[in-house]
Amino acid sequence: MQNTDKSNKASPLSVAIIMDGNGRWATRRGLPRTEGHLAGAEAVETVIRTAKDEGVRYLTLFAFSTENWKRPREEVDAIMELVYRYLKAKALPMIEKDPELGIMFPGDKSPLPQRLRELCLYTERLSRGRQSIVSIALNYGGRADIVNAANSAIGKGELPLNEEIISRHLYTSYMPDPDLVIRTGGEHRISNFLLWQSAYSEYIILDTLWPDISSGHLRECISEYNTRVRRFGGLKS
Ligand code: IPE
Ligand code: IPE
Ligand code: MG
């Protein structure tokens, strides 16, 4: 879905975040990297609440990329376990309590551990029709998203392909493209996140490591977003 509201004077409708820097946060404290992921999971709840308070209706969080499987087995297992426990203990109760809030999981769920996959599917079913959506990108890759969308459209005979058809088959077809993409941890790169969807997103890089993110950081990003002039290739009116 394309966000057709071209005004940037209100809160961005759709915000996506590359939650980077967990490992460095832990290493700087002499802790194992997995402790950084644990601290990172705790930061997620604050950001979800703040985004909702600020009027962000679609929040997308990059939790695990298609390339993150290259990490040591113990780290991957620890992340999968942590995501499962976080969903069960925090995220599910959050959407059970708040009927406006839903959670979706863009990405290929098939290689995820079975109980995590089932919990994701259950959560998505519960989230149907909710007005405010948090998307947790799990085993997500922007290139895989586009290839998958193309294959899915071709499988349905929707040829010739065009931009509207591809958008409709992406993992994120239920949400508008991000107005703002924030990356924590200071790296100036996209790391295969929302490649198609972020064509005209505003970017903000924060040096802050993800576990140190606060409500204030998110609010500052939204203020900064409001100073940006978006032209979408045209001229400022
Ligand atoms: C982001 O933090 C979380 C995941 C990619 C799962 P990192 O684990 O990449 O942390 P750094 O970049 O090594 O500090
Ligand atoms: C991007 O961070 C992926 C997530 C935050 C889930 P990475 O740490 O994997 O990115 P690179 O390897 O530094 O580009
Ligand atoms: Mg990283």
# chains A, B, ... in the order shown; residues from 1 in each chain; ligands from 1
$ closest_atom_pairs --of "range 64-180 of chain A" --to "range 26-37 of chain A" --cutoff "9 Å" --atoms "only C-alpha atoms" --output "Markdown table"
| residue | atom | partner | partner_atom | distance |
| --- | --- | --- | --- | --- |
| A:Glu74 | CA | A:Thr34 | CA | 8.9 |
| A:Glu75 | CA | A:Thr34 | CA | 6.5 |
| A:Ala78 | CA | A:Thr34 | CA | 6.6 |
| A:Ile79 | CA | A:His37 | CA | 6.9 |
| A:Leu82 | CA | A:His37 | CA | 7.9 |
$ residues_near_ligand --ligand "ligand 3" --cutoff "7 Å" --atoms "only C-alpha atoms and all ligand atoms" --output "number ranges by chain"
A: 20-21, 23
$ select_by_dssp --residues "range 1-118 of chain A" --states "strand (DSSP E or B)" --output "count of residues only"
17
$ residues_around --residues "Lys52 in chain A" --least-positions-apart "4" --cutoff "10 Å" --atoms "only C-alpha atoms" --output "compact mmCIF listing (two decimals) with all heavy atoms, in the first residue's frame"
# COMPACT_ATOMS: atom_id res chain seq x y z
N VAL A 47 9.46 1.55 23.09
CA VAL A 47 9.34 2.17 21.77
C VAL A 47 7.94 1.94 21.19
O VAL A 47 7.36 2.84 20.58
CB VAL A 47 10.47 1.64 20.84
CG1 VAL A 47 10.23 2.04 19.40
CG2 VAL A 47 11.81 2.17 21.31
N ILE A 48 7.37 0.76 21.42
CA ILE A 48 6.02 0.48 20.91
C ILE A 48 5.03 1.46 21.55
O ILE A 48 4.21 2.07 20.87
CB ILE A 48 5.60 -0.98 21.20
CG1 ILE A 48 6.45 -1.95 20.37
CG2 ILE A 48 4.11 -1.20 20.92
CD1 ILE A 48 6.16 -3.43 20.63
N VAL A 56 1.93 7.24 15.69
CA VAL A 56 2.46 6.37 14.62
C VAL A 56 1.56 5.13 14.55
O VAL A 56 1.44 4.41 15.54
CB VAL A 56 3.92 5.94 14.96
CG1 VAL A 56 4.44 4.92 13.96
CG2 VAL A 56 4.83 7.16 15.02
N ARG A 57 0.92 4.91 13.43
CA ARG A 57 -0.01 3.78 13.35
C ARG A 57 0.66 2.49 12.92
O ARG A 57 0.18 1.40 13.21
CB ARG A 57 -1.15 4.10 12.39
CG ARG A 57 -2.36 4.66 13.12
CD ARG A 57 -3.53 4.84 12.19
NE ARG A 57 -4.08 3.57 11.72
CZ ARG A 57 -5.01 3.48 10.78
NH1 ARG A 57 -5.46 4.57 10.19
NH2 ARG A 57 -5.49 2.31 10.41
N TYR A 58 1.76 2.62 12.18
CA TYR A 58 2.47 1.44 11.71
C TYR A 58 3.93 1.56 12.14
O TYR A 58 4.64 2.47 11.71
CB TYR A 58 2.38 1.33 10.18
CG TYR A 58 0.95 1.16 9.71
CD1 TYR A 58 0.16 2.27 9.42
CD2 TYR A 58 0.38 -0.10 9.61
CE1 TYR A 58 -1.15 2.12 9.03
CE2 TYR A 58 -0.94 -0.26 9.21
CZ TYR A 58 -1.69 0.86 8.92
OH TYR A 58 -3.00 0.71 8.53
N LEU A 59 4.34 0.66 12.99
CA LEU A 59 5.73 0.64 13.46
C LEU A 59 6.32 -0.69 13.02
O LEU A 59 5.76 -1.75 13.31
CB LEU A 59 5.76 0.74 15.00
CG LEU A 59 7.13 0.63 15.64
CD1 LEU A 59 8.00 1.85 15.30
CD2 LEU A 59 7.02 0.50 17.18
N LEU A 101 -4.41 -2.55 19.08
CA LEU A 101 -3.04 -2.89 18.68
C LEU A 101 -2.93 -4.32 18.14
O LEU A 101 -3.46 -5.26 18.73
CB LEU A 101 -2.13 -2.73 19.91
CG LEU A 101 -0.63 -2.87 19.71
CD1 LEU A 101 -0.10 -1.74 18.84
CD2 LEU A 101 0.08 -2.86 21.06
N SER A 132 -3.85 -0.27 14.69
CA SER A 132 -2.47 0.14 14.87
C SER A 132 -1.61 -1.13 14.83
O SER A 132 -1.87 -2.05 15.59
CB SER A 132 -2.38 0.83 16.23
OG SER A 132 -1.14 1.39 16.40
N ILE A 133 -0.64 -1.18 13.93
CA ILE A 133 0.08 -2.44 13.73
C ILE A 133 1.58 -2.30 13.99
O ILE A 133 2.25 -1.44 13.41
CB ILE A 133 -0.13 -2.98 12.28
CG1 ILE A 133 -1.62 -3.27 11.99
CG2 ILE A 133 0.73 -4.23 12.03
CD1 ILE A 133 -2.20 -4.47 12.69
N VAL A 134 2.09 -3.17 14.86
CA VAL A 134 3.53 -3.28 15.04
C VAL A 134 3.96 -4.49 14.21
O VAL A 134 3.39 -5.57 14.34
CB VAL A 134 3.88 -3.53 16.52
CG1 VAL A 134 5.38 -3.79 16.67
CG2 VAL A 134 3.46 -2.34 17.37
$ residues_around --residues "Val44 in chain A" --least-positions-apart "5" --cutoff "10 Å" --atoms "only C-alpha atoms" --output "JSON list (two decimals) with N, CA, C and O atoms, in the first residue's frame"
[["chain", "number", "residue", "atom", "x", "y", "z"],
["A", 19, "MET", "N", 16.96, -2.08, 14.39],
["A", 19, "MET", "CA", 17.36, -2.10, 15.81],
["A", 19, "MET", "C", 18.77, -2.69, 15.90],
["A", 19, "MET", "O", 18.95, -3.88, 16.14],
["A", 39, "ALA", "N", 18.76, -7.14, 26.59],
["A", 39, "ALA", "CA", 18.52, -5.72, 26.90],
["A", 39, "ALA", "C", 17.76, -5.05, 25.75],
["A", 39, "ALA", "O", 16.91, -4.19, 25.97],
["A", 49, "ARG", "N", 5.14, 1.63, 22.87],
["A", 49, "ARG", "CA", 4.22, 2.54, 23.58],
["A", 49, "ARG", "C", 4.37, 3.98, 23.10],
["A", 49, "ARG", "O", 3.40, 4.67, 22.85],
["A", 61, "LEU", "N", 9.72, -3.11, 13.07],
["A", 61, "LEU", "CA", 10.99, -3.31, 13.77],
["A", 61, "LEU", "C", 11.75, -4.46, 13.13],
["A", 61, "LEU", "O", 11.22, -5.57, 13.00],
["A", 86, "TYR", "N", 9.72, -13.32, 24.55],
["A", 86, "TYR", "CA", 9.23, -11.94, 24.55],
["A", 86, "TYR", "C", 7.79, -11.88, 24.04],
["A", 86, "TYR", "O", 6.94, -11.21, 24.62],
["A", 90, "LYS", "N", 5.27, -10.69, 26.79],
["A", 90, "LYS", "CA", 5.02, -9.25, 26.68],
["A", 90, "LYS", "C", 4.09, -8.89, 25.53],
["A", 90, "LYS", "O", 3.11, -8.19, 25.73],
["A", 91, "ALA", "N", 4.41, -9.36, 24.34],
["A", 91, "ALA", "CA", 3.68, -8.87, 23.16],
["A", 91, "ALA", "C", 2.24, -9.38, 23.13],
["A", 91, "ALA", "O", 1.31, -8.60, 22.90],
["A", 210, "TRP", "N", 20.96, 0.16, 20.26],
["A", 210, "TRP", "CA", 19.53, -0.12, 20.45],
["A", 210, "TRP", "C", 19.11, -0.28, 21.93],
["A", 210, "TRP", "O", 18.10, 0.31, 22.34],
["A", 211, "PRO", "N", 19.85, -1.03, 22.77],
["A", 211, "PRO", "CA", 19.35, -1.19, 24.15],
["A", 211, "PRO", "C", 19.28, 0.13, 24.92],
["A", 211, "PRO", "O", 18.58, 0.21, 25.94],
["A", 213, "ILE", "N", 18.06, 2.93, 23.66],
["A", 213, "ILE", "CA", 17.04, 3.80, 23.04],
["A", 213, "ILE", "C", 15.97, 4.17, 24.07],
["A", 213, "ILE", "O", 15.61, 3.34, 24.91],
["A", 214, "SER", "N", 15.51, 5.42, 23.99],
["A", 214, "SER", "CA", 14.50, 5.87, 24.95],
["A", 214, "SER", "C", 13.34, 6.52, 24.19],
["A", 214, "SER", "O", 13.44, 6.79, 22.99]]
$ residues_near_ligand --ligand "ligand 2" --cutoff "7 Å" --atoms "only C-alpha atoms and all ligand atoms" --output "PDB file with all heavy atoms, in the first residue's frame"
ATOM      1  N   ILE A  18      15.658  -0.053  12.228  1.00  0.00           N
ATOM      2  CA  ILE A  18      16.689  -1.100  12.201  1.00  0.00           C
ATOM      3  C   ILE A  18      17.318  -1.084  13.600  1.00  0.00           C
ATOM      4  O   ILE A  18      18.055  -0.154  13.955  1.00  0.00           O
ATOM      5  CB  ILE A  18      17.747  -0.821  11.104  1.00  0.00           C
ATOM      6  CG1 ILE A  18      17.074  -0.722   9.722  1.00  0.00           C
ATOM      7  CG2 ILE A  18      18.838  -1.903  11.124  1.00  0.00           C
ATOM      8  CD1 ILE A  18      18.005  -0.304   8.577  1.00  0.00           C
ATOM      9  N   MET A  19      16.962  -2.082  14.385  1.00  0.00           N
ATOM     10  CA  MET A  19      17.364  -2.101  15.808  1.00  0.00           C
ATOM     11  C   MET A  19      18.774  -2.693  15.904  1.00  0.00           C
ATOM     12  O   MET A  19      18.950  -3.881  16.143  1.00  0.00           O
ATOM     13  CB  MET A  19      16.382  -2.972  16.607  1.00  0.00           C
ATOM     14  CG  MET A  19      14.908  -2.631  16.398  1.00  0.00           C
ATOM     15  SD  MET A  19      13.826  -3.564  17.515  1.00  0.00           S
ATOM     16  CE  MET A  19      13.901  -5.212  16.823  1.00  0.00           C
ATOM     17  N   ASP A  20      19.791  -1.855  15.709  1.00  0.00           N
ATOM     18  CA  ASP A  20      21.160  -2.380  15.643  1.00  0.00           C
ATOM     19  C   ASP A  20      21.977  -1.914  16.846  1.00  0.00           C
ATOM     20  O   ASP A  20      21.740  -0.835  17.389  1.00  0.00           O
ATOM     21  CB  ASP A  20      21.810  -1.913  14.335  1.00  0.00           C
ATOM     22  CG  ASP A  20      23.053  -2.718  13.996  1.00  0.00           C
ATOM     23  OD1 ASP A  20      23.178  -3.871  14.470  1.00  0.00           O
ATOM     24  OD2 ASP A  20      23.917  -2.192  13.260  1.00  0.00           O
ATOM     25  N   PHE A  62      13.002  -4.198  12.747  1.00  0.00           N
ATOM     26  CA  PHE A  62      13.822  -5.239  12.107  1.00  0.00           C
ATOM     27  C   PHE A  62      14.486  -6.042  13.228  1.00  0.00           C
ATOM     28  O   PHE A  62      15.369  -5.549  13.921  1.00  0.00           O
ATOM     29  CB  PHE A  62      14.876  -4.561  11.218  1.00  0.00           C
ATOM     30  CG  PHE A  62      15.473  -5.434  10.151  1.00  0.00           C
ATOM     31  CD1 PHE A  62      14.976  -6.696   9.854  1.00  0.00           C
ATOM     32  CD2 PHE A  62      16.555  -4.958   9.390  1.00  0.00           C
ATOM     33  CE1 PHE A  62      15.533  -7.478   8.846  1.00  0.00           C
ATOM     34  CE2 PHE A  62      17.118  -5.721   8.377  1.00  0.00           C
ATOM     35  CZ  PHE A  62      16.606  -6.985   8.111  1.00  0.00           C
ATOM     36  N   ALA A  63      14.038  -7.278  13.395  1.00  0.00           N
ATOM     37  CA  ALA A  63      14.527  -8.099  14.514  1.00  0.00           C
ATOM     38  C   ALA A  63      15.549  -9.146  14.077  1.00  0.00           C
ATOM     39  O   ALA A  63      16.456  -9.489  14.833  1.00  0.00           O
ATOM     40  CB  ALA A  63      13.353  -8.789  15.197  1.00  0.00           C
ATOM     41  N   PHE A  64      15.390  -9.690  12.846  1.00  0.00           N
ATOM     42  CA  PHE A  64      16.301 -10.751  12.394  1.00  0.00           C
ATOM     43  C   PHE A  64      16.263 -10.787  10.871  1.00  0.00           C
ATOM     44  O   PHE A  64      15.199 -10.915  10.272  1.00  0.00           O
ATOM     45  CB  PHE A  64      15.847 -12.101  12.976  1.00  0.00           C
ATOM     46  CG  PHE A  64      16.867 -13.199  12.830  1.00  0.00           C
ATOM     47  CD1 PHE A  64      17.867 -13.365  13.781  1.00  0.00           C
ATOM     48  CD2 PHE A  64      16.831 -14.054  11.740  1.00  0.00           C
ATOM     49  CE1 PHE A  64      18.820 -14.380  13.643  1.00  0.00           C
ATOM     50  CE2 PHE A  64      17.780 -15.071  11.597  1.00  0.00           C
ATOM     51  CZ  PHE A  64      18.769 -15.229  12.557  1.00  0.00           C
ATOM     52  N   SER A  65      17.453 -10.646  10.258  1.00  0.00           N
ATOM     53  CA  SER A  65      17.493 -10.588   8.791  1.00  0.00           C
ATOM     54  C   SER A  65      17.750 -11.974   8.200  1.00  0.00           C
ATOM     55  O   SER A  65      18.195 -12.890   8.898  1.00  0.00           O
ATOM     56  CB  SER A  65      18.596  -9.617   8.335  1.00  0.00           C
ATOM     57  OG  SER A  65      19.869 -10.210   8.496  1.00  0.00           O
ATOM     58  N   GLU A  67      20.114 -12.671   6.512  1.00  0.00           N
ATOM     59  CA  GLU A  67      21.573 -12.899   6.591  1.00  0.00           C
ATOM     60  C   GLU A  67      22.033 -13.196   8.022  1.00  0.00           C
ATOM     61  O   GLU A  67      23.163 -13.635   8.233  1.00  0.00           O
ATOM     62  CB  GLU A  67      22.329 -11.658   6.073  1.00  0.00           C
ATOM     63  CG  GLU A  67      22.239 -11.452   4.568  1.00  0.00           C
ATOM     64  CD  GLU A  67      20.878 -10.949   4.107  1.00  0.00           C
ATOM     65  OE1 GLU A  67      20.270 -10.113   4.815  1.00  0.00           O
ATOM     66  OE2 GLU A  67      20.408 -11.415   3.056  1.00  0.00           O
ATOM     67  N   ASN A  68      21.184 -12.938   9.005  1.00  0.00           N
ATOM     68  CA  ASN A  68      21.597 -13.150  10.400  1.00  0.00           C
ATOM     69  C   ASN A  68      21.778 -14.629  10.753  1.00  0.00           C
ATOM     70  O   ASN A  68      22.380 -14.952  11.781  1.00  0.00           O
ATOM     71  CB  ASN A  68      20.634 -12.465  11.383  1.00  0.00           C
ATOM     72  CG  ASN A  68      20.756 -10.963  11.426  1.00  0.00           C
ATOM     73  OD1 ASN A  68      19.779 -10.256  11.657  1.00  0.00           O
ATOM     74  ND2 ASN A  68      21.956 -10.430  11.221  1.00  0.00           N
ATOM     75  N   GLU A 187      25.581   2.714  12.004  1.00  0.00           N
ATOM     76  CA  GLU A 187      26.012   2.300  10.655  1.00  0.00           C
ATOM     77  C   GLU A 187      25.152   2.992   9.596  1.00  0.00           C
ATOM     78  O   GLU A 187      23.929   3.030   9.733  1.00  0.00           O
ATOM     79  CB  GLU A 187      25.837   0.779  10.458  1.00  0.00           C
ATOM     80  CG  GLU A 187      26.434  -0.096  11.521  1.00  0.00           C
ATOM     81  CD  GLU A 187      27.943  -0.266  11.383  1.00  0.00           C
ATOM     82  OE1 GLU A 187      28.564   0.467  10.578  1.00  0.00           O
ATOM     83  OE2 GLU A 187      28.486  -1.128  12.087  1.00  0.00           O
ATOM     84  N   ARG A 189      23.972   2.190   6.598  1.00  0.00           N
ATOM     85  CA  ARG A 189      23.580   1.265   5.527  1.00  0.00           C
ATOM     86  C   ARG A 189      22.215   0.672   5.809  1.00  0.00           C
ATOM     87  O   ARG A 189      21.703   0.741   6.925  1.00  0.00           O
ATOM     88  CB  ARG A 189      24.628   0.165   5.318  1.00  0.00           C
ATOM     89  CG  ARG A 189      24.928  -0.646   6.556  1.00  0.00           C
ATOM     90  CD  ARG A 189      25.913  -1.783   6.233  1.00  0.00           C
ATOM     91  NE  ARG A 189      26.327  -2.463   7.438  1.00  0.00           N
ATOM     92  CZ  ARG A 189      27.512  -2.302   8.045  1.00  0.00           C
ATOM     93  NH1 ARG A 189      28.408  -1.482   7.545  1.00  0.00           N
ATOM     94  NH2 ARG A 189      27.793  -2.964   9.157  1.00  0.00           N
ATOM     95  N   SER A 191      21.282  -2.646   4.999  1.00  0.00           N
ATOM     96  CA  SER A 191      21.350  -4.068   5.395  1.00  0.00           C
ATOM     97  C   SER A 191      20.116  -4.880   4.968  1.00  0.00           C
ATOM     98  O   SER A 191      19.585  -5.677   5.743  1.00  0.00           O
ATOM     99  CB  SER A 191      21.579  -4.200   6.910  1.00  0.00           C
ATOM    100  OG  SER A 191      22.769  -3.549   7.299  1.00  0.00           O
TER     101      SER A 191
END
$ select_by_dssp --residues "chain A" --states "alpha helix (DSSP H)" --output "MDAnalysis selection string"
chainID A and resid 22:28 33:53 73:86 92:97 114:127 142:155 163:169 215:225
$ residues_around --residues "Arg130 in chain A" --least-positions-apart "2" --cutoff "10 Å" --atoms "only C-alpha atoms" --output "PDB file with all heavy atoms, in the first residue's frame"
ATOM      1  N   ILE A  95      -1.353  -7.110  23.213  1.00  0.00           N
ATOM      2  CA  ILE A  95      -2.452  -7.003  22.232  1.00  0.00           C
ATOM      3  C   ILE A  95      -3.754  -7.597  22.782  1.00  0.00           C
ATOM      4  O   ILE A  95      -4.828  -7.289  22.297  1.00  0.00           O
ATOM      5  CB  ILE A  95      -2.109  -7.591  20.840  1.00  0.00           C
ATOM      6  CG1 ILE A  95      -1.876  -9.088  20.878  1.00  0.00           C
ATOM      7  CG2 ILE A  95      -0.931  -6.878  20.215  1.00  0.00           C
ATOM      8  CD1 ILE A  95      -1.860  -9.706  19.496  1.00  0.00           C
ATOM      9  N   ASP A  98      -4.992  -4.464  24.653  1.00  0.00           N
ATOM     10  CA  ASP A  98      -5.259  -3.280  23.836  1.00  0.00           C
ATOM     11  C   ASP A  98      -5.889  -3.708  22.509  1.00  0.00           C
ATOM     12  O   ASP A  98      -5.192  -4.134  21.586  1.00  0.00           O
ATOM     13  CB  ASP A  98      -3.926  -2.539  23.598  1.00  0.00           C
ATOM     14  CG  ASP A  98      -4.117  -1.238  22.845  1.00  0.00           C
ATOM     15  OD1 ASP A  98      -5.212  -1.035  22.270  1.00  0.00           O
ATOM     16  OD2 ASP A  98      -3.173  -0.426  22.827  1.00  0.00           O
ATOM     17  N   PRO A  99      -7.216  -3.574  22.376  1.00  0.00           N
ATOM     18  CA  PRO A  99      -7.889  -4.072  21.171  1.00  0.00           C
ATOM     19  C   PRO A  99      -7.583  -3.268  19.906  1.00  0.00           C
ATOM     20  O   PRO A  99      -7.968  -3.653  18.816  1.00  0.00           O
ATOM     21  CB  PRO A  99      -9.382  -3.968  21.530  1.00  0.00           C
ATOM     22  CG  PRO A  99      -9.463  -2.951  22.601  1.00  0.00           C
ATOM     23  CD  PRO A  99      -8.157  -2.963  23.334  1.00  0.00           C
ATOM     24  N   GLU A 100      -6.870  -2.124  20.074  1.00  0.00           N
ATOM     25  CA  GLU A 100      -6.501  -1.341  18.881  1.00  0.00           C
ATOM     26  C   GLU A 100      -5.188  -1.817  18.284  1.00  0.00           C
ATOM     27  O   GLU A 100      -4.855  -1.491  17.156  1.00  0.00           O
ATOM     28  CB  GLU A 100      -6.337   0.139  19.267  1.00  0.00           C
ATOM     29  CG  GLU A 100      -7.637   0.815  19.634  1.00  0.00           C
ATOM     30  CD  GLU A 100      -7.435   2.270  20.005  1.00  0.00           C
ATOM     31  OE1 GLU A 100      -6.270   2.715  20.089  1.00  0.00           O
ATOM     32  OE2 GLU A 100      -8.443   2.947  20.222  1.00  0.00           O
ATOM     33  N   LEU A 101      -4.411  -2.554  19.083  1.00  0.00           N
ATOM     34  CA  LEU A 101      -3.042  -2.895  18.677  1.00  0.00           C
ATOM     35  C   LEU A 101      -2.928  -4.319  18.139  1.00  0.00           C
ATOM     36  O   LEU A 101      -3.462  -5.261  18.732  1.00  0.00           O
ATOM     37  CB  LEU A 101      -2.133  -2.733  19.907  1.00  0.00           C
ATOM     38  CG  LEU A 101      -0.633  -2.867  19.711  1.00  0.00           C
ATOM     39  CD1 LEU A 101      -0.096  -1.736  18.838  1.00  0.00           C
ATOM     40  CD2 LEU A 101       0.085  -2.858  21.060  1.00  0.00           C
ATOM     41  N   GLY A 102      -2.234  -4.473  17.006  1.00  0.00           N
ATOM     42  CA  GLY A 102      -1.985  -5.803  16.446  1.00  0.00           C
ATOM     43  C   GLY A 102      -0.503  -5.983  16.141  1.00  0.00           C
ATOM     44  O   GLY A 102       0.240  -4.999  16.070  1.00  0.00           O
ATOM     45  N   ILE A 103      -0.084  -7.240  15.994  1.00  0.00           N
ATOM     46  CA  ILE A 103       1.320  -7.518  15.676  1.00  0.00           C
ATOM     47  C   ILE A 103       1.395  -8.448  14.466  1.00  0.00           C
ATOM     48  O   ILE A 103       0.710  -9.476  14.420  1.00  0.00           O
ATOM     49  CB  ILE A 103       2.064  -8.147  16.876  1.00  0.00           C
ATOM     50  CG1 ILE A 103       1.972  -7.219  18.097  1.00  0.00           C
ATOM     51  CG2 ILE A 103       3.528  -8.413  16.529  1.00  0.00           C
ATOM     52  CD1 ILE A 103       2.698  -7.723  19.326  1.00  0.00           C
ATOM     53  N   LEU A 126      -4.949 -13.120  15.598  1.00  0.00           N
ATOM     54  CA  LEU A 126      -5.572 -12.275  16.619  1.00  0.00           C
ATOM     55  C   LEU A 126      -5.533 -10.796  16.215  1.00  0.00           C
ATOM     56  O   LEU A 126      -6.369 -10.001  16.631  1.00  0.00           O
ATOM     57  CB  LEU A 126      -4.763 -12.454  17.910  1.00  0.00           C
ATOM     58  CG  LEU A 126      -5.461 -12.366  19.249  1.00  0.00           C
ATOM     59  CD1 LEU A 126      -6.493 -13.475  19.382  1.00  0.00           C
ATOM     60  CD2 LEU A 126      -4.413 -12.503  20.375  1.00  0.00           C
ATOM     61  N   SER A 127      -4.559 -10.433  15.390  1.00  0.00           N
ATOM     62  CA  SER A 127      -4.301  -9.031  15.056  1.00  0.00           C
ATOM     63  C   SER A 127      -5.117  -8.528  13.873  1.00  0.00           C
ATOM     64  O   SER A 127      -5.091  -7.336  13.567  1.00  0.00           O
ATOM     65  CB  SER A 127      -2.823  -8.848  14.724  1.00  0.00           C
ATOM     66  OG  SER A 127      -2.048  -9.206  15.835  1.00  0.00           O
ATOM     67  N   ARG A 128      -5.811  -9.449  13.210  1.00  0.00           N
ATOM     68  CA  ARG A 128      -6.543  -9.072  11.997  1.00  0.00           C
ATOM     69  C   ARG A 128      -7.512  -7.918  12.250  1.00  0.00           C
ATOM     70  O   ARG A 128      -8.251  -7.944  13.235  1.00  0.00           O
ATOM     71  CB  ARG A 128      -7.321 -10.293  11.472  1.00  0.00           C
ATOM     72  CG  ARG A 128      -7.076 -10.522  10.002  1.00  0.00           C
ATOM     73  CD  ARG A 128      -7.688 -11.834   9.557  1.00  0.00           C
ATOM     74  NE  ARG A 128      -6.676 -12.884   9.456  1.00  0.00           N
ATOM     75  CZ  ARG A 128      -6.925 -14.184   9.540  1.00  0.00           C
ATOM     76  NH1 ARG A 128      -8.151 -14.618   9.736  1.00  0.00           N
ATOM     77  NH2 ARG A 128      -5.955 -15.057   9.415  1.00  0.00           N
ATOM     78  N   SER A 132      -3.852  -0.274  14.693  1.00  0.00           N
ATOM     79  CA  SER A 132      -2.471   0.144  14.868  1.00  0.00           C
ATOM     80  C   SER A 132      -1.614  -1.128  14.825  1.00  0.00           C
ATOM     81  O   SER A 132      -1.871  -2.054  15.589  1.00  0.00           O
ATOM     82  CB  SER A 132      -2.378   0.834  16.229  1.00  0.00           C
ATOM     83  OG  SER A 132      -1.137   1.394  16.402  1.00  0.00           O
ATOM     84  N   ILE A 133      -0.645  -1.182  13.928  1.00  0.00           N
ATOM     85  CA  ILE A 133       0.078  -2.441  13.729  1.00  0.00           C
ATOM     86  C   ILE A 133       1.576  -2.297  13.987  1.00  0.00           C
ATOM     87  O   ILE A 133       2.248  -1.439  13.414  1.00  0.00           O
ATOM     88  CB  ILE A 133      -0.127  -2.979  12.284  1.00  0.00           C
ATOM     89  CG1 ILE A 133      -1.616  -3.270  11.986  1.00  0.00           C
ATOM     90  CG2 ILE A 133       0.732  -4.226  12.032  1.00  0.00           C
ATOM     91  CD1 ILE A 133      -2.204  -4.472  12.694  1.00  0.00           C
TER      92      ILE A 133
END
$ residues_around --residues "range 164-172 of chain A" --least-positions-apart "2" --cutoff "6 Å" --atoms "only C-alpha atoms" --output "VMD selection string"
chain A and resid 106 145 149 162 174 to 175
$ residues_around --residues "Pro12 in chain A" --least-positions-apart "3" --cutoff "7 Å" --atoms "only C-alpha atoms" --output "list in words"
Asn8, Val15, Val56, Asp179 and Leu180 of chain A
$ closest_residue --among "A:Ala10, A:Gly129, A:Ala41, A:Arg24" --to "Asp207 in chain A" --atoms "only C-alpha atoms"
A:Arg24
$ closest_residue --among "A:Ile146, A:Leu38, A:Leu112, A:Ile182" --to "ligand 1" --atoms "only C-alpha atoms and all ligand atoms"
A:Leu38
$ closest_residue --among "A:Ser14, A:Thr50, A:Ser223, A:Thr208" --to "ligand 1" --atoms "only C-alpha atoms and all ligand atoms"
A:Thr208
$ atom_distance --atom1 "CA of Leu161 in chain A" --atom2 "CA of Arg230 in chain A"
27.5 Å
